[in-house]
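Engineer: Contents are JSON, C-alpha atoms; file name start08.json:
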[["chain", "number", "residue", "atom", "x", "y", "z"],
["A", 175, "MET", "CA", 0.00, 0.00, 0.00],
["A", 176, "SER", "CA", 2.91, 2.31, 0.73],
["A", 177, "GLY", "CA", 3.77, 2.20, -2.96],
["A", 178, "LEU", "CA", 0.22, 3.22, -3.87],
["A", 179, "PHE", "CA", 0.19, 6.02, -1.32],
["A", 180, "ASN", "CA", 3.57, 7.19, -2.60],
["A", 181, "SER", "CA", 2.21, 7.32, -6.14],
["A", 182, "PHE", "CA", -0.79, 9.35, -4.95],
["A", 183, "ASN", "CA", 1.53, 11.73, -3.09],
["A", 184, "ILE", "CA", 3.72, 12.25, -6.16],
["A", 185, "ALA", "CA", 0.61, 12.98, -8.20],
["A", 186, "ARG", "CA", -0.61, 15.39, -5.49],
["A", 187, "THR", "CA", 2.64, 17.38, -5.44],
["A", 188, "GLY", "CA", 2.67, 17.49, -9.24],
["A", 189, "MET", "CA", -0.91, 18.76, -9.46],
["A", 190, "TYR", "CA", -0.34, 21.32, -6.68],
["A", 191, "THR", "CA", 2.81, 22.62, -8.39],
["A", 192, "THR", "CA", 1.11, 22.77, -11.78],
["A", 193, "GLN", "CA", -1.90, 24.56, -10.30],
["A", 194, "THR", "CA", 0.42, 27.11, -8.67],
["A", 195, "LYS", "CA", 2.17, 27.70, -12.01],
["A", 196, "ILE", "CA", -1.21, 28.23, -13.68],
["A", 197, "ASN", "CA", -2.20, 30.72, -10.98],
["A", 198, "VAL", "CA", 1.07, 32.63, -11.36],
["A", 199, "ALA", "CA", 0.72, 32.64, -15.16],
["A", 200, "SER", "CA", -2.82, 33.99, -14.78],
["A", 201, "HIS", "CA", -1.52, 36.67, -12.42],
["A", 202, "ASN", "CA", 1.13, 37.63, -15.00],
["A", 203, "ILE", "CA", -1.47, 37.89, -17.78],
["A", 204, "ALA", "CA", -3.89, 39.87, -15.60],
["A", 205, "ASN", "CA", -1.15, 42.41, -14.81],
["A", 206, "ALA", "CA", 0.35, 42.65, -18.30],
["A", 207, "ALA", "CA", -0.72, 46.30, -18.48],
["A", 208, "THR", "CA", -0.03, 47.17, -14.83],
["A", 209, "ASP", "CA", 2.53, 49.95, -14.53],
["A", 210, "GLY", "CA", 5.70, 48.70, -12.84],
["A", 211, "TYR", "CA", 4.66, 45.03, -12.73],
["A", 212, "SER", "CA", 7.40, 42.40, -13.06],
["A", 213, "ARG", "CA", 6.67, 38.95, -14.47],
["A", 214, "GLN", "CA", 6.83, 36.26, -11.79],
["A", 215, "ASN", "CA", 8.30, 32.76, -12.00],
["A", 216, "VAL", "CA", 7.66, 29.62, -9.98],
["A", 217, "ASN", "CA", 10.92, 27.96, -8.91],
["A", 218, "VAL", "CA", 10.60, 24.24, -8.20],
["A", 219, "SER", "CA", 12.85, 21.35, -7.16],
["A", 220, "THR", "CA", 12.53, 17.64, -6.44],
["A", 221, "THR", "CA", 11.49, 16.53, -2.96],
["A", 222, "ILE", "CA", 13.70, 14.38, -0.75],
["A", 223, "PRO", "CA", 13.77, 10.90, -2.34],
["A", 224, "ASN", "CA", 13.15, 7.60, -0.57],
["A", 225, "THR", "CA", 16.10, 5.21, -0.27],
["A", 226, "LEU", "CA", 15.34, 1.60, -1.17],
["A", 227, "PRO", "CA", 17.88, -0.96, 0.20],
["A", 228, "GLY", "CA", 19.74, -2.66, -2.59],
["A", 229, "ILE", "CA", 17.98, -0.57, -5.22],
["A", 230, "GLY", "CA", 18.78, 3.07, -4.69],
["A", 231, "GLN", "CA", 16.76, 6.23, -4.37],
["A", 232, "MET", "CA", 13.25, 6.72, -5.70],
["A", 233, "GLY", "CA", 11.72, 10.12, -6.28],
["A", 234, "THR", "CA", 8.87, 11.38, -4.13],
["A", 235, "GLY", "CA", 7.61, 14.28, -6.22],
["A", 236, "VAL", "CA", 8.14, 18.01, -6.66],
["A", 237, "GLU", "CA", 7.94, 21.03, -4.37],
["A", 238, "ILE", "CA", 7.84, 24.80, -4.81],
["A", 239, "ASP", "CA", 10.92, 26.63, -3.58],
["A", 240, "SER", "CA", 9.81, 30.19, -4.24],
["A", 241, "ILE", "CA", 7.94, 32.58, -6.48],
["A", 242, "THR", "CA", 10.30, 35.32, -7.65],
["A", 243, "ARG", "CA", 10.22, 38.34, -9.94],
["A", 244, "THR", "CA", 11.98, 38.57, -13.29],
["A", 245, "ARG", "CA", 14.00, 41.63, -12.35],
["A", 246, "ASP", "CA", 17.61, 42.74, -12.90],
["A", 247, "ILE", "CA", 19.01, 45.11, -10.25],
["A", 248, "TYR", "CA", 21.84, 46.21, -12.56],
["A", 249, "LEU", "CA", 19.38, 47.21, -15.29],
["A", 250, "ASP", "CA", 17.20, 48.99, -12.71],
["A", 251, "ASN", "CA", 20.17, 51.12, -11.64],
["A", 252, "GLN", "CA", 21.07, 51.91, -15.25],
["A", 253, "VAL", "CA", 17.50, 52.91, -16.10],
["A", 254, "ARG", "CA", 17.30, 55.16, -13.03],
["A", 255, "TYR", "CA", 20.60, 56.81, -13.87],
["A", 256, "GLU", "CA", 19.46, 57.56, -17.41],
["A", 257, "SER", "CA", 16.07, 58.70, -16.10],
["A", 258, "SER", "CA", 17.83, 61.18, -13.83],
["A", 259, "LEU", "CA", 19.84, 62.57, -16.77],
["A", 260, "SER", "CA", 16.70, 62.80, -18.87],
["A", 261, "GLY", "CA", 14.91, 64.72, -16.11],
["A", 262, "LYS", "CA", 17.78, 67.22, -15.84],
["A", 263, "PHE", "CA", 17.94, 67.78, -19.61],
["A", 264, "GLU", "CA", 14.16, 68.17, -19.89],
["A", 265, "SER", "CA", 14.10, 70.77, -17.10],
["A", 266, "THR", "CA", 17.01, 72.67, -18.66],
["A", 267, "THR", "CA", 15.42, 72.53, -22.11],
["A", 268, "THR", "CA", 12.11, 73.88, -20.79],
["A", 269, "VAL", "CA", 13.79, 76.87, -19.14],
["A", 270, "MET", "CA", 16.06, 77.62, -22.11],
["A", 271, "GLU", "CA", 13.11, 77.52, -24.51],
["A", 272, "GLN", "CA", 11.36, 80.12, -22.36],
["A", 273, "VAL", "CA", 14.49, 82.29, -22.33],
["A", 274, "GLU", "CA", 14.72, 81.96, -26.11],
["A", 275, "ILE", "CA", 11.16, 83.24, -26.44],
["A", 276, "VAL", "CA", 12.02, 86.27, -24.28],
["A", 277, "PHE", "CA", 14.95, 87.36, -26.46],
["A", 278, "LEU", "CA", 13.17, 86.61, -29.76],
["A", 279, "GLU", "CA", 16.44, 85.96, -31.57],
["A", 280, "PRO", "CA", 16.86, 85.95, -34.46],
["A", 281, "SER", "CA", 13.88, 88.15, -35.37],
["A", 282, "ASP", "CA", 12.93, 91.62, -36.64],
["A", 283, "THR", "CA", 11.65, 92.70, -33.22],
["A", 284, "GLY", "CA", 14.27, 91.16, -30.93],
["A", 285, "LEU", "CA", 16.83, 92.84, -28.69],
["A", 286, "ASN", "CA", 19.53, 92.85, -31.36],
["A", 287, "THR", "CA", 17.30, 94.72, -33.85],
["A", 288, "VAL", "CA", 16.20, 97.32, -31.29],
["A", 289, "MET", "CA", 19.80, 97.86, -30.18],
["A", 290, "ASN", "CA", 21.03, 98.28, -33.76],
["A", 291, "GLU", "CA", 18.32, 100.87, -34.43],
["A", 292, "MET", "CA", 19.37, 102.83, -31.36],
["A", 293, "TRP", "CA", 23.08, 102.83, -32.31],
["A", 294, "THR", "CA", 22.23, 103.72, -35.90],
["A", 295, "SER", "CA", 20.27, 106.77, -34.72],
["A", 296, "TRP", "CA", 23.25, 107.80, -32.58],
["A", 297, "GLN", "CA", 25.52, 107.59, -35.60],
["A", 298, "GLU", "CA", 23.13, 109.78, -37.59],
["A", 299, "LEU", "CA", 23.05, 112.26, -34.71],
["A", 300, "SER", "CA", 26.85, 112.46, -34.73],
["A", 301, "LYS", "CA", 26.67, 113.55, -38.37],
["A", 302, "THR", "CA", 23.95, 116.21, -37.90],
["A", 303, "PRO", "CA", 23.77, 117.08, -34.21],
["A", 304, "GLU", "CA", 21.80, 120.26, -34.93],
["A", 305, "ASN", "CA", 18.93, 118.29, -36.52],
["A", 306, "SER", "CA", 15.98, 118.18, -34.07],
["A", 307, "ASN", "CA", 14.36, 115.24, -35.87],
["A", 308, "THR", "CA", 17.52, 113.18, -35.44],
["A", 309, "ARG", "CA", 17.68, 114.04, -31.72],
["A", 310, "THR", "CA", 14.03, 113.02, -31.32],
["A", 311, "LEU", "CA", 14.69, 109.74, -33.10],
["A", 312, "VAL", "CA", 17.60, 109.02, -30.74],
["A", 313, "THR", "CA", 15.35, 109.65, -27.75],
["A", 314, "GLN", "CA", 12.60, 107.42, -29.10],
["A", 315, "ASN", "CA", 14.97, 104.58, -29.99],
["A", 316, "ALA", "CA", 16.67, 104.80, -26.60],
["A", 317, "LEU", "CA", 13.28, 104.63, -24.86],
["A", 318, "THR", "CA", 12.29, 101.68, -27.03],
["A", 319, "PHE", "CA", 15.54, 99.91, -26.16],
["A", 320, "THR", "CA", 15.22, 100.49, -22.39],
["A", 321, "ASP", "CA", 11.55, 99.48, -22.43],
["A", 322, "ASN", "CA", 12.49, 96.25, -24.19],
["A", 323, "VAL", "CA", 15.32, 95.54, -21.75],
["A", 324, "ASN", "CA", 13.10, 96.21, -18.73],
["A", 325, "HIS", "CA", 10.33, 94.05, -20.18],
["A", 326, "MET", "CA", 12.82, 91.24, -20.80],
["A", 327, "MET", "CA", 14.11, 91.53, -17.24],
["A", 328, "ASP", "CA", 10.56, 91.21, -15.92],
["A", 329, "GLN", "CA", 10.03, 88.15, -18.09],
["A", 330, "LEU", "CA", 13.32, 86.60, -16.95],
["A", 331, "ASP", "CA", 12.37, 87.25, -13.30],
["A", 332, "THR", "CA", 9.09, 85.44, -13.97],
["A", 333, "ILE", "CA", 10.97, 82.50, -15.49],
["A", 334, "VAL", "CA", 13.19, 82.32, -12.39],
["A", 335, "GLU", "CA", 10.16, 82.39, -10.10],
["A", 336, "ASP", "CA", 8.47, 79.67, -12.17],
["A", 337, "ALA", "CA", 11.65, 77.56, -12.07],
["A", 338, "VAL", "CA", 11.83, 77.89, -8.27],
["A", 339, "SER", "CA", 8.14, 76.98, -7.98],
["A", 340, "LEU", "CA", 8.72, 73.94, -10.19],
["A", 341, "SER", "CA", 11.72, 72.93, -8.04],
["A", 342, "GLU", "CA", 9.59, 73.26, -4.91],
["A", 343, "SER", "CA", 6.89, 71.09, -6.45],
["A", 344, "LYS", "CA", 9.43, 68.44, -7.45],
["A", 345, "ALA", "CA", 11.06, 68.51, -3.99],
["A", 346, "TYR", "CA", 7.66, 68.07, -2.37],
["A", 347, "ASP", "CA", 6.93, 65.12, -4.67],
["A", 348, "ALA", "CA", 10.36, 63.60, -3.95],
["A", 349, "ASN", "CA", 9.86, 63.77, -0.19],
["A", 350, "SER", "CA", 6.40, 62.27, -0.58],
["A", 351, "LEU", "CA", 7.85, 59.42, -2.65],
["A", 352, "LEU", "CA", 10.52, 58.80, 0.00],
["A", 353, "ASN", "CA", 7.84, 58.50, 2.68],
["A", 354, "GLN", "CA", 5.91, 56.01, 0.53],
["A", 355, "VAL", "CA", 9.08, 53.98, -0.07],
["A", 356, "ASN", "CA", 9.66, 53.95, 3.69],
["A", 357, "ASP", "CA", 6.14, 52.57, 4.27],
["A", 358, "LEU", "CA", 6.73, 49.83, 1.70],
["A", 359, "ASN", "CA", 10.12, 49.09, 3.28],
["A", 360, "ASP", "CA", 8.29, 48.34, 6.52],
["A", 361, "GLN", "CA", 5.78, 46.03, 4.84],
["A", 362, "ILE", "CA", 8.46, 44.23, 2.83],
["A", 363, "TYR", "CA", 10.67, 43.85, 5.91],
["A", 364, "ARG", "CA", 7.84, 42.26, 7.91],
["A", 365, "THR", "CA", 6.90, 39.95, 5.05],
["A", 366, "LYS", "CA", 10.50, 38.83, 4.53],
["A", 367, "LEU", "CA", 10.83, 38.02, 8.24],
["A", 368, "ARG", "CA", 8.01, 35.49, 7.77],
["A", 369, "GLY", "CA", 9.99, 33.81, 4.98],
["A", 370, "LEU", "CA", 7.72, 35.07, 2.19],
["A", 371, "GLU", "CA", 8.48, 36.93, -1.04],
["A", 372, "PRO", "CA", 6.51, 40.21, -1.26],
["A", 373, "ASN", "CA", 6.79, 40.43, -5.04],
["A", 374, "ASP", "CA", 3.92, 42.85, -5.66],
["A", 375, "LEU", "CA", 5.07, 45.13, -2.83],
["A", 376, "MET", "CA", 8.59, 45.22, -4.28],
["A", 377, "ASP", "CA", 7.14, 46.09, -7.69],
["A", 378, "GLN", "CA", 5.29, 49.02, -6.12],
["A", 379, "ARG", "CA", 8.48, 50.18, -4.42],
["A", 380, "ASP", "CA", 10.55, 49.90, -7.61],
["A", 381, "LEU", "CA", 7.94, 51.97, -9.43],
["A", 382, "LEU", "CA", 8.22, 54.68, -6.77],
["A", 383, "LEU", "CA", 12.03, 54.59, -7.01],
["A", 384, "ASP", "CA", 11.78, 54.94, -10.80],
["A", 385, "LYS", "CA", 9.60, 58.03, -10.35],
["A", 386, "LEU", "CA", 12.00, 59.40, -7.73],
["A", 387, "SER", "CA", 14.98, 58.94, -10.06],
["A", 388, "SER", "CA", 13.32, 61.19, -12.65],
["A", 389, "ILE", "CA", 13.40, 63.99, -10.05],
["A", 390, "ILE", "CA", 16.81, 63.51, -8.40],
["A", 391, "ASP", "CA", 19.84, 61.32, -9.02],
["A", 392, "ILE", "CA", 19.74, 58.51, -6.45],
["A", 393, "ASP", "CA", 21.68, 55.42, -5.43],
["A", 394, "THR", "CA", 19.94, 52.46, -3.80],
["A", 395, "LYS", "CA", 21.22, 49.59, -1.68],
["A", 396, "LEU", "CA", 19.24, 46.55, -0.54],
["A", 397, "SER", "CA", 19.50, 45.22, 3.00],
["A", 398, "GLN", "CA", 19.45, 41.56, 4.01],
["A", 399, "PHE", "CA", 15.70, 41.60, 4.58],
["A", 400, "GLY", "CA", 14.77, 43.46, 1.42],
["A", 401, "SER", "CA", 14.42, 47.04, 2.66],
["A", 402, "VAL", "CA", 16.21, 49.65, 0.57],
["A", 403, "GLU", "CA", 18.50, 52.54, 1.50],
["A", 404, "VAL", "CA", 18.28, 55.64, -0.72],
["A", 405, "THR", "CA", 21.11, 58.16, -1.00],
["A", 406, "SER", "CA", 21.65, 61.24, -3.13],
["A", 407, "ALA", "CA", 24.12, 60.28, -5.86],
["A", 408, "GLU", "CA", 25.22, 63.91, -6.09],
["A", 409, "THR", "CA", 25.94, 64.63, -2.42],
["A", 410, "GLY", "CA", 26.09, 61.18, -0.81],
["A", 411, "VAL", "CA", 23.53, 62.23, 1.82],
["A", 412, "VAL", "CA", 21.34, 59.36, 3.04],
["A", 413, "LEU", "CA", 17.78, 60.35, 2.18],
["A", 414, "LEU", "CA", 16.19, 57.16, 3.51],
["A", 415, "SER", "CA", 17.57, 54.56, 5.89],
["A", 416, "ASP", "CA", 17.07, 50.86, 5.24],
["A", 417, "ASN", "CA", 15.62, 50.66, 8.75],
["A", 418, "PRO", "CA", 11.85, 51.16, 8.24],
["A", 419, "GLN", "CA", 11.46, 52.36, 11.83],
["A", 420, "GLU", "CA", 13.65, 55.40, 11.17],
["A", 421, "LEU", "CA", 12.25, 58.54, 9.59],
["A", 422, "PRO", "CA", 13.89, 59.78, 6.37],
["A", 423, "GLU", "CA", 17.34, 61.05, 7.35],
["A", 424, "GLY", "CA", 17.69, 63.79, 4.74],
["A", 425, "GLN", "CA", 15.23, 66.46, 3.69],
["A", 426, "ILE", "CA", 15.13, 67.84, 0.17],
["A", 427, "ASN", "CA", 14.68, 71.56, 0.70],
["A", 428, "ILE", "CA", 14.49, 74.39, -1.82],
["A", 429, "ILE", "CA", 16.35, 77.67, -1.24],
["A", 430, "ARG", "CA", 14.26, 80.42, -2.81],
["A", 431, "ASP", "CA", 16.52, 83.41, -2.35],
["A", 432, "ILE", "CA", 19.96, 84.41, -0.99],
["A", 433, "GLN", "CA", 20.90, 87.93, 0.12],
["A", 434, "PHE", "CA", 24.32, 89.17, 1.32],
["A", 435, "ASP", "CA", 24.65, 92.33, 3.43],
["A", 436, "GLY", "CA", 28.44, 92.36, 3.54],
["A", 437, "SER", "CA", 28.82, 90.09, 6.55],
["A", 438, "ASN", "CA", 25.88, 87.67, 6.68],
["A", 439, "TYR", "CA", 23.99, 85.60, 4.16],
["A", 440, "THR", "CA", 20.23, 85.55, 4.56],
["A", 441, "PHE", "CA", 18.36, 82.84, 2.71],
["A", 442, "THR", "CA", 14.74, 81.81, 2.42],
["A", 443, "MET", "CA", 14.03, 78.09, 2.31],
["A", 444, "ALA", "CA", 10.93, 76.01, 1.61],
["A", 445, "LYS", "CA", 11.30, 72.95, 3.83],
["A", 446, "ASN", "CA", 10.60, 69.71, 1.96],
["A", 447, "GLY", "CA", 9.53, 71.90, -0.96],
["A", 448, "ASP", "CA", 6.35, 72.80, 0.96],
["A", 449, "VAL", "CA", 5.24, 76.32, -0.01],
["A", 450, "ASN", "CA", 3.35, 76.53, 3.30],
["A", 451, "ASP", "CA", 6.49, 75.88, 5.36],
["A", 452, "VAL", "CA", 8.89, 78.68, 4.41],
["A", 453, "SER", "CA", 11.56, 79.95, 6.81],
["A", 454, "THR", "CA", 14.32, 82.57, 6.71],
["A", 455, "TYR", "CA", 17.79, 81.94, 8.12],
["A", 456, "SER", "CA", 20.96, 83.96, 8.56],
["A", 457, "THR", "CA", 24.51, 82.57, 8.38],
["A", 458, "THR", "CA", 28.07, 83.61, 7.69],
["A", 459, "ILE", "CA", 28.55, 80.60, 5.39],
["A", 460, "ASP", "CA", 28.54, 81.33, 1.66],
["A", 461, "MET", "CA", 25.29, 79.74, 0.41],
["A", 462, "SER", "CA", 25.91, 80.39, -3.29],
["A", 463, "ASP", "CA", 26.71, 76.72, -3.87],
["A", 464, "TYR", "CA", 23.23, 75.83, -2.61],
["A", 465, "ALA", "CA", 21.27, 78.12, -4.92],
["A", 466, "ALA", "CA", 18.42, 75.72, -5.54],
["A", 467, "VAL", "CA", 18.48, 72.54, -3.49],
["A", 468, "SER", "CA", 19.82, 71.59, -0.09],
["A", 469, "TYR", "CA", 19.90, 68.29, 1.78],
["A", 470, "THR", "CA", 19.68, 68.71, 5.53],
["A", 471, "HIS", "CA", 19.60, 66.37, 8.49]]
What does the file become when written as structure tokens?
Structural biologist:
Amino acid sequence: MSGLFNSFNIARTGMYTTQTKINVASHNIANAATDGYSRQNVNVSTTIPNTLPGIGQMGTGVEIDSITRTRDIYLDNQVRYESSLSGKFESTTTVMEQVEIVFLEPSDTGLNTVMNEMWTSWQELSKTPENSNTRTLVTQNALTFTDNVNHMMDQLDTIVEDAVSLSESKAYDANSLLNQVNDLNDQIYRTKLRGLEPNDLMDQRDLLLDKLSSIIDIDTKLSQFGSVEVTSAETGVVLLSDNPQELPEGQINIIRDIQFDGSNYTFTMAKNGDVNDVSTYSTTIDMSDYAAVSYTH
């Protein structure tokens, strides 16, 4: 009878394993369009065989070792690095396109044209300084030039303000993403302690890290139990510890303005990029190297 029961057990393990593979395949198909989803695989191995005296070992079936994601950490890091570069270039391109519109060059109404007209009228005045019409033309062209320059300065100031506002918005989003990653770190850590693979949770976290990398350049490092440490690739500051019980170590703050009175630097900073949490500080340290973003503990 033991042989019959053994055959039934082998069939049972085979059917259970096959059913699990079908379930995982169905899960993969159902999430084919899910943003950030990674295809999952069922890893199996043979069970411990029975030893028959004088004959040898006889198989007892199959068992499931784990269900893992099809994911490459190296490729993840490369994609995030390129995403960070793309985000920087897109931001720079947006600002430069706005600056280009302000100067309207080359064009018939741009700064260069207005300036040439002013200098041309001055040259004509040097030839006939007694001519009242020429003097009037110089005055008009000079006023046109200064009005254009002042208008351009106002437009450039607006572009700077918009760029700071955009930086604040991105900093706020980055800090929010870090908090979400920290929450997932906690869930993943607890799941790993129970010996389980939190595949879907890790997909959610990787998606958040991908979004974060489009805002700032980050480095990530996995701990033994699956939680991730996030650091700024530019400064090396730890933005998020791999200990889920610790709050984010670094804040991404935006410095709006820096003033120097000859002895002290006074700067205005939006903490965490929050426009409702703005403070002013005074220091003797030159803050010019921190014109836009700071990472504080």
Engineer: State, in Å with one decimal place, the distance from CA of Thr234 in chain A to CA of Thr221 in chain A.
Structural biologist: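 According to the coordinates, CA of Thr234 in chain A and CA of Thr221 in chain A are separated by 5.9 Å.
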Engineer: In Å, how far is it from CA of Asn215 in chain A to CA of Leu375 in chain A?
Structural biologist: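 CA of Asn215 in chain A sits 15.7 Å away from CA of Leu375 in chain A.
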Engineer: Compare A:Val402, A:Val338, A:Leu351, A:Ile459 by their minimum atom-to-atom distance to Leu381 in chain A, counting all atoms listed in the file, and give me the closest one.
Structural biologist: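 Closest to Leu381 in chain A, using all atoms listed in the file: A:Leu351.
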Engineer: Could you work out an axis-aligned bounding box for all listed atoms of range 209-222 of chain A, with 5 Å added on each of the six sides, and give its centre and edge lengths in Å to one decimal, as JSON?
Structural biologist:
{"center_x": 8.1, "center_y": 32.2, "center_z": -7.6, "size_x": 21.2, "size_y": 45.6, "size_z": 23.8}
Engineer: So how many Å separate CA of Arg245 in chain A and CA of Asp416 in chain A, to one decimal?
Structural biologist: 20.1 Å
Engineer: Which of these residues is nearest to Arg254 in chain A, using all atoms listed in the file: A:Ser306, A:Ser406, A:Thr454, A:Ser387?
Structural biologist: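 Of all the options, A:Ser387 lies closest to Arg254 in chain A.
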Engineer: Counting all atoms listed in the file, figure out which residue out of A:Asp374, A:Val452, A:Leu386, A:Tyr363 gets nearest to Gln419 in chain A.
Structural biologist: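 Distance minimum relative to Gln419 in chain A lands on A:Tyr363.
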Engineer: Do you know which residues are at most 9 Å from Leu311 in chain A counting all atoms listed in the file, after dropping those on the same chain fewer than 5 positions away, and could you put them as a list in words?
Structural biologist: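 Everything that qualifies: Met292, Ser295, Trp296, Leu299, Ser306 and Ala316 of chain A.
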